[in-house]
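Colleague: Enclosed is the structure file run.txt (compact mmCIF, C-alpha atoms).
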```txt
# COMPACT_ATOMS: atom_id res chain seq x y z
CA MET W 151 -24.49 -61.83 15.29
CA ASN W 152 -23.15 -62.77 18.68
CA ALA W 153 -24.13 -60.71 21.69
CA ILE W 154 -22.80 -59.84 25.10
CA ILE W 155 -25.63 -60.15 27.59
CA GLN W 156 -23.93 -59.53 30.95
CA ASP W 157 -20.86 -58.02 32.60
CA SER W 158 -17.85 -60.23 33.08
CA VAL W 159 -14.19 -60.17 34.00
CA ALA W 160 -11.27 -62.49 33.25
CA GLY W 161 -7.57 -62.51 34.06
CA THR W 162 -5.45 -60.91 36.77
CA LEU W 163 -3.40 -57.76 37.31
CA GLU W 164 -0.17 -59.61 37.83
CA SER W 165 2.90 -59.09 35.71
CA SER W 166 2.68 -60.71 32.24
CA ASP W 167 -1.07 -61.13 32.58
CA VAL W 168 -4.03 -58.97 31.60
CA MET W 169 -7.42 -58.29 33.17
CA VAL W 170 -10.26 -58.00 30.68
CA TYR W 171 -13.66 -56.55 31.52
CA ALA W 172 -16.49 -57.16 29.05
CA SER W 173 -19.89 -55.49 29.17
CA PRO W 174 -22.87 -54.96 26.84
CA ASN W 175 -22.79 -51.85 24.70
CA PRO W 176 -26.22 -51.74 23.02
CA GLY W 177 -26.28 -49.37 20.07
CA GLY W 178 -22.71 -48.28 20.75
CA GLY W 179 -20.68 -50.58 18.50
CA ARG W 180 -17.30 -51.64 19.82
CA LEU W 181 -15.80 -49.61 22.65
CA ILE W 182 -12.29 -50.82 23.49
CA THR W 183 -10.17 -49.07 26.10
CA VAL W 184 -6.55 -50.11 26.58
CA ASN W 185 -4.50 -49.33 29.66
CA SER W 186 -1.16 -51.10 29.39
CA SER W 187 2.15 -51.00 31.21
CA VAL W 188 3.68 -51.37 27.72
CA GLY W 189 1.04 -49.25 26.01
CA GLN W 190 3.42 -46.70 24.53
CA GLN W 191 4.97 -49.44 22.43
CA PHE W 192 2.18 -51.98 22.01
CA ALA W 193 -1.23 -50.33 22.39
CA PRO W 194 -2.04 -50.54 18.62
CA GLN W 195 -1.12 -54.25 18.51
CA ILE W 196 -3.18 -54.97 21.63
CA ARG W 197 -6.15 -53.20 20.10
CA ALA W 198 -5.74 -55.06 16.78
CA SER W 199 -5.53 -58.38 18.60
CA VAL W 200 -8.73 -57.68 20.55
CA GLU W 201 -10.50 -56.61 17.33
CA ALA W 202 -9.38 -59.85 15.68
CA VAL W 203 -11.00 -61.92 18.43
CA LEU W 204 -14.22 -59.90 18.14
CA ASN W 205 -14.22 -60.39 14.36
CA ARG W 206 -13.67 -64.12 14.67
CA LEU W 207 -16.56 -64.48 17.15
CA ASN W 208 -18.75 -62.17 15.08
CA ILE W 209 -19.33 -59.61 17.86
CA GLU W 210 -20.27 -56.10 16.72
CA GLU W 211 -21.41 -54.56 20.01
CA ALA W 212 -19.19 -54.77 23.06
CA ALA W 213 -17.45 -52.63 25.64
CA LEU W 214 -14.08 -54.12 26.47
CA GLN W 215 -11.64 -52.72 28.98
CA ILE W 216 -8.11 -54.07 28.78
CA GLU W 217 -5.91 -53.64 31.87
CA ASP W 218 -2.65 -55.06 30.56
CA LYS W 219 0.51 -55.88 32.50
CA GLY W 220 2.61 -56.91 29.53
CA ALA W 221 0.77 -60.10 28.55
CA LEU W 222 1.94 -62.06 25.52
CA ASP W 223 -0.51 -62.01 22.61
CA CYS W 224 -1.64 -65.61 23.23
CA VAL W 225 -2.44 -64.73 26.86
CA LEU W 226 -4.32 -61.60 25.77
CA GLN W 227 -6.43 -63.56 23.28
CA ALA W 228 -7.20 -66.26 25.85
CA ARG W 229 -8.29 -63.70 28.46
CA VAL W 230 -10.46 -61.81 25.95
CA LYS W 231 -12.13 -65.07 24.85
CA ALA W 232 -12.71 -66.12 28.48
CA ALA W 233 -14.28 -62.74 29.30
CA LEU W 234 -16.53 -62.90 26.23
CA LEU W 235 -17.72 -66.45 26.96
CA ARG W 236 -18.49 -65.48 30.56
CA ALA W 237 -20.40 -62.48 29.20
CA GLY W 238 -22.78 -64.79 27.35
CA VAL W 239 -21.15 -65.07 23.92
CA GLN W 240 -21.83 -68.37 22.18
CA ALA W 241 -18.98 -70.00 20.27
CA GLY W 242 -18.07 -73.44 18.95
CA TRP W 243 -14.72 -74.89 20.06
CA GLU W 244 -13.20 -74.48 16.60
CA GLU W 245 -13.83 -70.73 16.70
CA LEU W 246 -11.92 -70.50 19.97
CA LEU W 247 -8.73 -72.11 18.72
CA MET C 75 11.39 -69.64 49.16
CA GLU C 76 8.20 -67.60 49.37
CA PRO C 77 5.08 -69.40 48.17
CA GLN C 78 4.18 -68.22 44.69
CA VAL C 79 0.47 -68.77 45.01
CA HIS C 80 -1.22 -66.67 47.62
CA ASP C 81 -4.15 -68.52 49.09
CA PHE C 82 -6.76 -66.06 50.22
CA GLU C 83 -9.31 -67.19 52.72
CA ARG C 84 -12.85 -65.85 52.64
CA VAL C 85 -14.24 -64.43 55.86
CA TYR C 86 -17.95 -63.62 55.80
CA ALA C 87 -19.51 -60.79 57.79
CA GLY C 88 -21.27 -63.26 60.09
CA ASP C 89 -18.00 -64.90 61.22
CA ALA C 90 -17.45 -63.12 64.54
CA LYS C 91 -14.03 -64.66 65.27
CA GLY C 92 -12.63 -63.99 61.80
CA VAL C 93 -14.04 -60.47 61.69
CA GLY C 94 -12.60 -59.79 65.16
CA GLN C 95 -9.12 -60.66 63.88
CA ILE C 96 -9.67 -58.45 60.84
CA ILE C 97 -10.75 -55.52 63.02
CA ARG C 98 -7.51 -55.79 65.03
CA PHE C 99 -5.43 -56.04 61.85
CA LEU C 100 -7.18 -53.01 60.31
CA ASP C 101 -6.73 -51.09 63.54
CA LYS C 102 -2.95 -51.66 63.36
CA ASN C 103 -3.11 -50.15 59.85
CA ASN C 104 -5.19 -47.16 60.98
CA LEU C 105 -8.37 -48.31 59.24
CA ASN C 106 -11.87 -48.85 60.54
CA ILE C 107 -14.12 -51.70 59.55
CA ASP C 108 -17.19 -50.87 57.49
CA ASP C 109 -20.73 -52.05 58.19
CA PHE C 110 -21.61 -52.84 54.59
CA ILE C 111 -18.85 -55.35 53.89
CA GLU C 112 -20.25 -58.75 52.94
CA VAL C 113 -17.05 -60.73 52.62
CA PHE C 114 -13.34 -60.27 53.25
CA LEU C 115 -10.35 -61.86 51.60
CA VAL C 116 -7.61 -62.59 54.11
CA LEU C 117 -4.04 -63.82 53.76
CA ARG C 118 -2.21 -65.31 56.75
CA ASN C 119 1.43 -66.08 57.46
CA ASP C 120 2.74 -69.42 58.78
CA LEU C 121 1.74 -68.42 62.32
CA GLY C 122 -1.85 -67.84 61.24
CA GLU C 123 -1.59 -64.06 61.65
CA ILE C 124 -3.32 -61.86 59.11
CA ILE C 125 -0.84 -60.12 56.82
CA ALA C 126 -3.23 -58.74 54.18
CA CYS C 127 -6.94 -58.19 53.76
CA GLY C 128 -9.57 -56.47 51.66
CA GLY C 129 -13.36 -56.32 51.85
CA ILE C 130 -16.24 -56.19 49.42
CA ALA C 131 -19.35 -54.11 50.03
CA PRO C 132 -21.99 -53.77 47.30
CA GLY C 133 -20.16 -52.00 44.48
CA VAL C 134 -17.29 -50.87 46.67
CA ILE C 135 -13.91 -52.37 47.60
CA LYS C 136 -12.95 -51.35 51.13
CA CYS C 137 -10.61 -51.93 54.01
CA VAL C 138 -7.62 -52.92 51.88
CA ALA C 139 -4.50 -53.29 54.02
CA ILE C 140 -1.18 -55.11 53.73
CA ASP C 141 1.25 -55.61 56.59
CA ASP C 142 4.26 -53.31 56.32
CA GLY C 143 6.70 -56.24 56.50
CA CYS C 144 5.08 -58.02 53.55
CA ARG C 145 5.11 -55.29 50.93
CA GLY C 146 6.94 -55.98 47.69
CA GLN C 147 6.09 -59.68 47.56
CA GLY C 148 3.49 -59.36 44.85
CA ILE C 149 0.70 -59.68 47.41
CA ALA C 150 -0.90 -56.38 46.49
CA LEU C 151 -1.69 -57.17 42.86
CA THR C 152 -2.85 -60.69 43.71
CA LEU C 153 -5.12 -59.30 46.41
CA ALA C 154 -6.52 -56.66 44.05
CA SER C 155 -7.13 -59.28 41.30
CA SER C 156 -8.82 -61.64 43.74
CA LEU C 157 -11.02 -58.85 45.12
CA ILE C 158 -12.18 -57.82 41.63
CA GLN C 159 -12.90 -61.45 40.68
CA LEU C 160 -14.78 -62.13 43.91
CA ALA C 161 -16.80 -58.92 43.48
CA ALA C 162 -17.74 -60.08 39.96
CA GLU C 163 -18.75 -63.46 41.36
CA LEU C 164 -21.07 -61.62 43.80
CA GLY C 165 -22.53 -59.64 40.88
CA TYR C 166 -20.68 -56.37 41.52
CA HIS C 167 -19.02 -55.26 38.28
CA GLN C 168 -19.08 -51.52 38.76
CA LEU C 169 -16.60 -50.99 41.58
CA PHE C 170 -15.52 -47.97 43.57
CA ILE C 171 -12.60 -47.58 45.94
CA TYR C 172 -12.14 -44.95 48.62
CA THR C 173 -8.59 -44.47 49.64
CA LYS C 174 -6.06 -42.04 51.00
CA PRO C 175 -4.39 -39.88 48.34
CA GLU C 176 -1.03 -41.62 48.89
CA ASN C 177 -2.57 -44.96 47.80
CA GLU C 178 -3.96 -43.59 44.56
CA PRO C 179 -0.96 -44.67 42.41
CA PHE C 180 -1.30 -48.27 43.61
CA PHE C 181 -4.99 -48.47 42.73
CA ALA C 182 -4.32 -46.72 39.44
CA ASP C 183 -2.00 -49.66 38.69
CA CYS C 184 -4.95 -51.96 39.38
CA GLY C 185 -7.12 -50.33 36.72
CA PHE C 186 -8.92 -47.81 38.93
CA TYR C 187 -9.46 -44.26 37.69
CA PRO C 188 -9.89 -41.18 39.92
CA ILE C 189 -13.29 -39.45 39.93
CA ALA C 190 -13.11 -36.95 42.76
CA ALA C 191 -10.92 -36.06 45.70
CA VAL C 192 -10.94 -34.14 48.93
CA PRO C 193 -7.37 -32.82 48.82
CA GLY C 194 -5.17 -34.40 51.46
CA ARG C 195 -8.01 -36.56 52.80
CA VAL C 196 -9.62 -39.02 50.43
CA VAL C 197 -9.82 -40.03 46.76
CA LEU C 198 -12.68 -41.88 45.08
CA LEU C 199 -11.76 -44.11 42.14
CA GLU C 200 -13.77 -46.46 39.92
CA ASN C 201 -12.77 -49.44 37.79
CA SER C 202 -13.60 -47.90 34.42
CA PRO C 203 -12.13 -45.04 32.41
CA VAL C 204 -15.39 -44.46 30.50
CA ARG C 205 -18.41 -45.29 32.68
CA LEU C 206 -18.82 -41.80 34.14
CA LYS C 207 -18.39 -40.21 30.68
CA GLN C 208 -21.06 -42.54 29.27
CA TYR C 209 -23.41 -41.52 32.11
CA GLN C 210 -22.72 -37.85 31.35
CA ALA C 211 -23.49 -38.43 27.67
CA ARG C 212 -26.86 -39.98 28.60
CA LEU C 213 -27.59 -36.94 30.79
CA ALA C 214 -26.57 -34.49 28.04
CA ALA C 215 -29.17 -36.08 25.75
CA LEU C 216 -31.84 -35.02 28.30
CA LYS C 217 -30.76 -31.38 28.49
CA GLN C 218 -33.58 -28.83 28.29
CA PRO C 219 -33.42 -25.18 27.20
CA GLY C 220 -33.69 -22.39 29.75
CA GLY C 221 -31.65 -20.04 31.92
CA ARG C 222 -32.79 -21.41 35.27
CA ILE C 223 -32.48 -25.15 35.43
CA GLY C 224 -33.36 -26.67 38.79
CA SER C 225 -32.50 -29.97 40.44
CA ILE C 226 -33.71 -31.97 43.41
CA VAL C 227 -32.27 -35.20 44.78
CA MET C 228 -34.75 -37.23 46.81
CA ASN C 229 -35.10 -40.62 48.40
CA ALA C 230 -38.92 -40.34 48.78
CA ASN C 231 -39.39 -43.21 51.20
CA PRO C 232 -42.28 -43.03 50.33
CA PHE C 233 -43.40 -40.06 48.19
CA THR C 234 -45.43 -37.61 50.34
CA ASN C 235 -47.28 -34.33 49.88
CA GLY C 236 -44.10 -32.74 51.27
CA HIS C 237 -42.08 -34.00 48.30
CA LEU C 238 -44.80 -32.89 45.90
CA TYR C 239 -44.87 -29.44 47.51
CA LEU C 240 -41.09 -29.07 47.20
CA ILE C 241 -41.27 -30.00 43.51
CA GLU C 242 -44.12 -27.55 42.83
CA ARG C 243 -42.38 -24.65 44.61
CA ALA C 244 -39.15 -25.43 42.73
CA LEU C 245 -41.00 -25.50 39.39
CA GLU C 246 -42.30 -21.98 40.08
CA GLN C 247 -38.70 -20.78 40.24
CA CYS C 248 -37.14 -22.44 37.21
CA ASP C 249 -37.61 -23.22 33.53
CA TRP C 250 -37.08 -26.95 33.92
CA LEU C 251 -36.59 -29.28 36.88
CA HIS C 252 -34.43 -32.40 37.00
CA LEU C 253 -35.43 -34.79 39.74
CA PHE C 254 -32.94 -37.48 40.79
CA VAL C 255 -34.13 -40.48 42.74
CA VAL C 256 -31.73 -42.12 45.19
CA GLY C 257 -31.10 -45.51 43.64
CA GLU C 258 -29.96 -47.60 46.59
CA ASP C 259 -32.22 -50.31 47.94
CA LYS C 260 -31.47 -49.48 51.54
CA SER C 261 -34.81 -47.95 52.49
CA GLN C 262 -38.06 -49.47 53.70
CA PHE C 263 -39.58 -48.97 50.25
CA ALA C 264 -37.83 -50.61 47.34
CA TYR C 265 -36.21 -48.35 44.75
CA THR C 266 -38.64 -49.43 42.02
CA ASP C 267 -41.62 -48.60 44.26
CA ARG C 268 -40.18 -45.22 45.26
CA LEU C 269 -39.53 -44.38 41.61
CA ALA C 270 -43.01 -45.51 40.53
CA LEU C 271 -44.67 -43.41 43.27
CA ILE C 272 -42.68 -40.31 42.28
CA ARG C 273 -43.69 -40.85 38.64
CA ALA C 274 -47.35 -41.35 39.58
CA GLY C 275 -47.41 -38.39 41.99
CA THR C 276 -45.84 -36.01 39.47
CA ALA C 277 -47.53 -37.31 36.30
CA ARG C 278 -49.65 -34.18 35.87
CA LEU C 279 -46.66 -31.82 36.16
CA SER C 280 -44.83 -30.53 33.10
CA ARG C 281 -41.28 -29.16 32.73
CA LEU C 282 -40.01 -32.04 34.87
CA THR C 283 -37.62 -34.92 34.15
CA VAL C 284 -37.46 -37.80 36.64
CA HIS C 285 -34.02 -39.42 36.49
CA GLU C 286 -33.40 -42.97 37.56
CA GLY C 287 -30.97 -43.59 40.39
CA SER C 288 -27.26 -43.61 39.71
CA SER C 289 -24.26 -44.74 41.68
CA TYR C 290 -22.86 -41.22 41.30
CA ILE C 291 -25.58 -39.46 43.35
CA ILE C 292 -26.03 -40.20 47.07
CA SER C 293 -25.12 -43.84 46.65
CA ARG C 294 -23.27 -46.12 48.98
CA ALA C 295 -20.26 -45.36 46.82
CA THR C 296 -20.35 -41.58 46.92
CA PHE C 297 -21.93 -41.13 50.31
CA PRO C 298 -21.81 -44.22 52.55
CA CYS C 299 -22.74 -42.57 55.85
CA TYR C 300 -26.09 -41.36 54.50
CA PHE C 301 -27.26 -44.95 54.70
CA LEU C 302 -25.92 -45.54 58.18
CA LYS C 303 -27.79 -42.65 59.78
CA GLN C 304 -25.64 -42.53 62.87
CA GLU C 305 -24.42 -39.21 64.10
CA SER C 306 -21.07 -40.58 65.19
CA ILE C 307 -20.02 -41.49 61.67
CA VAL C 308 -21.17 -38.44 59.81
CA HIS C 309 -18.27 -38.05 57.50
CA GLN C 310 -17.71 -34.62 56.10
CA CYS C 311 -15.44 -36.01 53.40
CA HIS C 312 -18.22 -38.16 52.00
CA MET C 313 -20.56 -35.19 51.70
CA GLU C 314 -17.89 -33.11 50.08
CA LEU C 315 -17.16 -35.87 47.55
CA ASP C 316 -20.84 -36.40 46.76
CA LEU C 317 -21.43 -32.68 46.23
CA SER C 318 -18.24 -32.28 44.24
CA ILE C 319 -19.30 -35.09 41.88
CA PHE C 320 -22.75 -33.54 41.50
CA ARG C 321 -21.33 -30.14 40.65
CA THR C 322 -18.46 -31.34 38.46
CA TYR C 323 -20.04 -34.19 36.49
CA ILE C 324 -23.84 -34.25 36.85
CA ALA C 325 -24.87 -30.59 36.71
CA PRO C 326 -22.85 -29.40 33.65
CA PRO C 327 -24.30 -31.80 31.02
CA LEU C 328 -27.82 -30.73 32.08
CA GLY C 329 -26.94 -27.05 32.58
CA ILE C 330 -28.21 -27.18 36.17
CA THR C 331 -28.08 -23.77 37.89
CA HIS C 332 -30.11 -24.40 41.07
CA ARG C 333 -30.56 -27.13 43.62
CA PHE C 334 -33.66 -27.15 45.81
CA VAL C 335 -33.92 -28.67 49.28
CA GLY C 336 -36.54 -28.72 51.98
CA ASN C 337 -35.46 -27.42 55.38
CA GLU C 338 -34.68 -30.26 57.73
CA PRO C 339 -35.86 -29.89 61.30
CA ASN C 340 -35.34 -33.50 62.41
CA CYS C 341 -32.59 -35.49 60.72
CA VAL C 342 -29.11 -34.39 61.80
CA ILE C 343 -27.32 -35.89 58.81
CA THR C 344 -29.65 -34.40 56.22
CA ASN C 345 -29.47 -31.04 57.98
CA TYR C 346 -25.67 -31.15 57.94
CA TYR C 347 -25.69 -32.28 54.30
CA ASN C 348 -27.83 -29.25 53.40
CA LYS C 349 -25.31 -26.99 55.12
CA GLN C 350 -22.41 -28.62 53.29
CA MET C 351 -24.36 -28.18 50.06
CA ARG C 352 -24.34 -24.40 50.44
CA ILE C 353 -20.56 -24.55 50.85
CA TRP C 354 -19.48 -27.02 48.18
CA LEU C 355 -21.90 -26.16 45.39
CA LYS C 356 -20.47 -22.63 45.46
CA SER C 357 -16.90 -22.96 46.65
CA PRO C 358 -14.28 -21.61 44.22
CA GLU C 359 -12.08 -24.59 45.22
CA ILE C 360 -14.11 -26.77 42.86
CA HIS C 361 -13.59 -26.01 39.20
CA ALA C 362 -17.13 -26.14 37.84
CA PRO C 363 -19.91 -23.56 37.49
CA PRO C 364 -21.45 -22.73 40.89
CA ILE C 365 -24.96 -23.93 41.75
CA GLU C 366 -27.39 -21.83 43.76
CA VAL C 367 -28.93 -23.69 46.71
CA VAL C 368 -32.54 -22.75 47.48
CA GLN C 369 -34.05 -23.95 50.73
CA ILE C 370 -37.82 -24.26 50.81
CA GLN C 371 -39.87 -24.23 54.00
CA ARG C 372 -41.49 -27.63 54.53
CA LEU C 373 -45.19 -28.15 54.00
CA GLU C 374 -47.23 -28.59 57.19
CA TYR C 375 -50.56 -30.23 57.86
CA GLN C 376 -52.36 -28.80 60.91
CA ASN C 377 -49.10 -27.28 62.22
CA ASP C 378 -47.26 -30.55 61.77
CA VAL C 379 -44.33 -30.83 59.34
CA ILE C 380 -44.96 -33.52 56.75
CA SER C 381 -42.24 -36.12 56.57
CA ALA C 382 -41.80 -39.60 55.17
CA THR C 383 -40.62 -40.72 58.61
CA LYS C 384 -44.07 -39.92 60.06
CA VAL C 385 -45.81 -41.69 57.19
CA ARG C 386 -43.73 -44.80 57.87
CA LYS C 387 -44.56 -44.58 61.57
CA TRP C 388 -48.31 -44.44 60.98
CA LEU C 389 -48.03 -47.15 58.41
CA GLY C 390 -46.38 -49.33 61.06
CA GLU C 391 -49.31 -48.57 63.39
CA GLY C 392 -51.82 -49.22 60.59
CA ASP C 393 -53.23 -45.69 60.94
CA PHE C 394 -54.33 -45.08 57.34
CA GLU C 395 -56.75 -42.30 58.37
CA LYS C 396 -53.86 -40.18 59.62
CA LEU C 397 -51.40 -40.75 56.81
CA LYS C 398 -54.08 -40.05 54.21
CA HIS C 399 -53.54 -36.31 54.75
CA TYR C 400 -49.79 -36.61 54.26
CA VAL C 401 -49.49 -38.41 50.94
CA PRO C 402 -50.86 -37.94 47.42
CA GLU C 403 -53.73 -40.12 46.24
CA SER C 404 -51.37 -42.37 44.23
CA THR C 405 -49.14 -43.11 47.24
CA TYR C 406 -52.21 -43.66 49.44
CA ARG C 407 -53.63 -46.24 47.04
CA PHE C 408 -50.26 -47.99 46.85
CA LEU C 409 -49.98 -48.17 50.64
CA ILE C 410 -53.56 -49.43 51.07
CA ASN C 411 -53.03 -52.13 48.44
CA LYS C 412 -49.71 -53.23 49.78
CA TYR C 413 -50.27 -53.09 53.52
CA GLU C 414 -53.94 -53.04 54.47
CA LYS C 415 -54.67 -56.51 53.12
CA VAL C 416 -51.95 -57.89 55.33
CA SER C 417 -53.15 -56.22 58.51
CA VAL C 418 -56.86 -57.00 58.07
```
Can you present the structure in this file as structure tokens?

Modeller:
Amino acid sequence: MNAIIQDSVAGTLESSDVMVYASPNPGGGRLITVNSSVGQQFAPQIRASVEAVLNRLNIEEAALQIEDKGALDCVLQARVKAALLRAGVQAGWEELL
Amino acid sequence: MEPQVHDFERVYAGDAKGVGQIIRFLDKNNLNIDDFIEVFLVLRNDLGEIIACGGIAPGVIKCVAIDDGCRGQGIALTLASSLIQLAAELGYHQLFIYTKPENEPFFADCGFYPIAAVPGRVVLLENSPVRLKQYQARLAALKQPGGRIGSIVMNANPFTNGHLYLIERALEQCDWLHLFVVGEDKSQFAYTDRLALIRAGTARLSRLTVHEGSSYIISRATFPCYFLKQESIVHQCHMELDLSIFRTYIAPPLGITHRFVGNEPNCVITNYYNKQMRIWLKSPEIHAPPIEVVQIQRLEYQNDVISATKVRKWLGEGDFEKLKHYVPESTYRFLINKYEKVSV
């Protein structure tokens, strides 16, 4: 299992981007909060996309805060991956594709 | 064509010229500079004049201002992003912002969530929608049964017989006592040492929980002027916010009904804080159960009020004989071990 060992942040608050905070959540499973300018329409998809990245990197315990400004899914995934790597997650390049 | 990439320049607290320019820019925007800021981000126009700035103090974003003529150019969100990233680079992930109520919507757009407000004056926000709730859940797990649940918040710099006396008198009046230690490392004695001395000095007492420091109780975030200790900047708003957070978020999960304080003959700020406490822990303006404030007369030794300030003074003079009567055995041993070797 892959673990988050420190706090991190990735991304910006500008339009079409997303800021992702990652922090350890020992014993608390996955805690994902989504605050999105397009949340009414897309919050479930954003959440599913974040879950998919966590699944792929085999991360069971993490607190992720998503401050979204209407980012495309590819941008969202890239920002989540960047935040997780900065937070101490280990991953091979093929897992990050 | 406006430049699309805003290049922010870093100005460190030691840069007198840069900070001077920032002070003048803040002054134009009706803001004061803050002593705790370590680094500023600054944006200039073609003439080299500052048109936007923001500062980072430990755990707090401060002094954010943008020139009136430059609003609506996307500067604000870039500045906010850059400030959050720089704070993270400095190791500050938990961030607070103090701002005027009219700026709350902007910071809400930047992922900051309101915690407490002094209506019409100031709002405190933090960059997480769940952190305070998680802290409350940890407190709730430590709840103890009883109808009279007491609380004390202390810095204990260092732990004296006066602190011990306050705790013992409080314990006589309640079923359980929650003791909160101020968590900031702004005092002569490090937080870990202060905490260890409180634990050692109270080890034989029962019905007592010692809580580790938190950024929600007398921290540089909730109560900046406490750590400045200058009369001129006593800020009533800060006290009101700190007490409102205590009453609204900290006390309910533990069922706290009483808060105990020692009377304060010397320190103006602490004295004023104690007065504010009697107002805000009871005021019907705050929607949370009221908390009874109980003031306890300070312990004296040979007609002399015991205080940590005096202990620090004698420590500075190397007078261990004198301070021996003012601190518990555990604190005395700690002080001897830490300081006497150096002076001999």

Colleague: When distances are computed from all atoms listed in the file, which of C:Lys384, C:Ala215, C:Gln208, C:Thr173 shows the smallest separation from C:Gly194?

Modeller: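 Ranking C:Lys384, C:Ala215, C:Gln208, C:Thr173 by distance to C:Gly194, first place goes to C:Thr173.
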
Colleague: I'd like the contact shell of stretch 277-281 of chain C - 12 Å cut-off, all atoms listed in the file, skipping same-chain residues fewer than 4 positions apart - returned as JSON, numbers by chain.

Modeller: {"C": [216, 217, 218, 219, 220, 222, 223, 224, 225, 238, 239, 241, 242, 243, 244, 245, 246, 247, 248, 249, 250, 251, 252, 253, 269, 270, 271, 272, 273, 402, 404]}

Colleague: Starting from chain C, keep only residues with some atom at most 12 Å from an atom of chain W, counting only C-alpha atoms, and report them as a tab-separated table (two decimals) with C-alpha atoms, in the frame of the given file.

Modeller:
```tsv
chain	number	residue	atom	x	y	z
C	78	GLN	CA	4.18	-68.22	44.69
C	79	VAL	CA	0.47	-68.77	45.01
C	147	GLN	CA	6.09	-59.68	47.56
C	148	GLY	CA	3.49	-59.36	44.85
C	149	ILE	CA	0.70	-59.68	47.41
C	150	ALA	CA	-0.90	-56.38	46.49
C	151	LEU	CA	-1.69	-57.17	42.86
C	152	THR	CA	-2.85	-60.69	43.71
C	153	LEU	CA	-5.12	-59.30	46.41
C	154	ALA	CA	-6.52	-56.66	44.05
C	155	SER	CA	-7.13	-59.28	41.30
C	156	SER	CA	-8.82	-61.64	43.74
C	157	LEU	CA	-11.02	-58.85	45.12
C	158	ILE	CA	-12.18	-57.82	41.63
C	159	GLN	CA	-12.90	-61.45	40.68
C	160	LEU	CA	-14.78	-62.13	43.91
C	161	ALA	CA	-16.80	-58.92	43.48
C	162	ALA	CA	-17.74	-60.08	39.96
C	163	GLU	CA	-18.75	-63.46	41.36
C	164	LEU	CA	-21.07	-61.62	43.80
C	165	GLY	CA	-22.53	-59.64	40.88
C	166	TYR	CA	-20.68	-56.37	41.52
C	167	HIS	CA	-19.02	-55.26	38.28
C	168	GLN	CA	-19.08	-51.52	38.76
C	169	LEU	CA	-16.60	-50.99	41.58
C	180	PHE	CA	-1.30	-48.27	43.61
C	181	PHE	CA	-4.99	-48.47	42.73
C	182	ALA	CA	-4.32	-46.72	39.44
C	183	ASP	CA	-2.00	-49.66	38.69
C	184	CYS	CA	-4.95	-51.96	39.38
C	185	GLY	CA	-7.12	-50.33	36.72
C	186	PHE	CA	-8.92	-47.81	38.93
C	187	TYR	CA	-9.46	-44.26	37.69
C	201	ASN	CA	-12.77	-49.44	37.79
C	202	SER	CA	-13.60	-47.90	34.42
C	203	PRO	CA	-12.13	-45.04	32.41
C	204	VAL	CA	-15.39	-44.46	30.50
C	205	ARG	CA	-18.41	-45.29	32.68
C	208	GLN	CA	-21.06	-42.54	29.27
```

Colleague: Which of these residues is nearest to W:Gln191, using only C-alpha atoms: W:Gly220, W:Val225, W:Ala232, W:Ile155?

Modeller: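 Of all the options, W:Gly220 lies closest to W:Gln191.
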
Colleague: Do you know which residues are at most 10 Å from C:Tyr400 counting only C-alpha atoms, after dropping those on the same chain fewer than 3 positions away, and could you put them as a list in words?

Modeller: Phe233, Thr234, Asn235, Gly236, Leu373, Glu374, Tyr375, Asp378, Val379, Ile380, Ser381, Ala382, Lys384, Val385, Glu395, Lys396, Leu397, Glu403, Thr405 and Tyr406 of chain C

Colleague: Identify which of the residues W:Gly189, W:Gly242, W:Gly179, W:Pro174 lies closest to W:Leu207, counting all atoms listed in the file when measuring atom-to-atom distances.

Modeller: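 Nearest candidate to W:Leu207 out of W:Gly189, W:Gly242, W:Gly179, W:Pro174: W:Gly242.
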
Colleague: Taking into account all atoms listed in the file, which residue in the set C:Glu366, C:Glu112, C:Glu359, C:Glu391 is nearest to C:Gly133?

Modeller: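 Among the listed residues, the smallest separation from C:Gly133 belongs to C:Glu112.
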
Colleague: Please, what distance in Å, to one decimal, runs between atom CA of C:Glu338 and atom CA of C:Ile291?

Modeller: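 So the answer is 19.3 Å.
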
Colleague: Using all atoms listed in the file, pick whichever of W:Gln240, W:Val168, W:Ile154, W:Phe192 has the shortest atom-to-atom distance to W:Ala228.

Modeller: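 Closest residue, counting all atoms listed in the file: W:Val168.
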
Colleague: How many Å lie between atom CA of C:Gly336 and atom CA of C:Gln210, rounded to one decimal?

Modeller: 26.5 Å
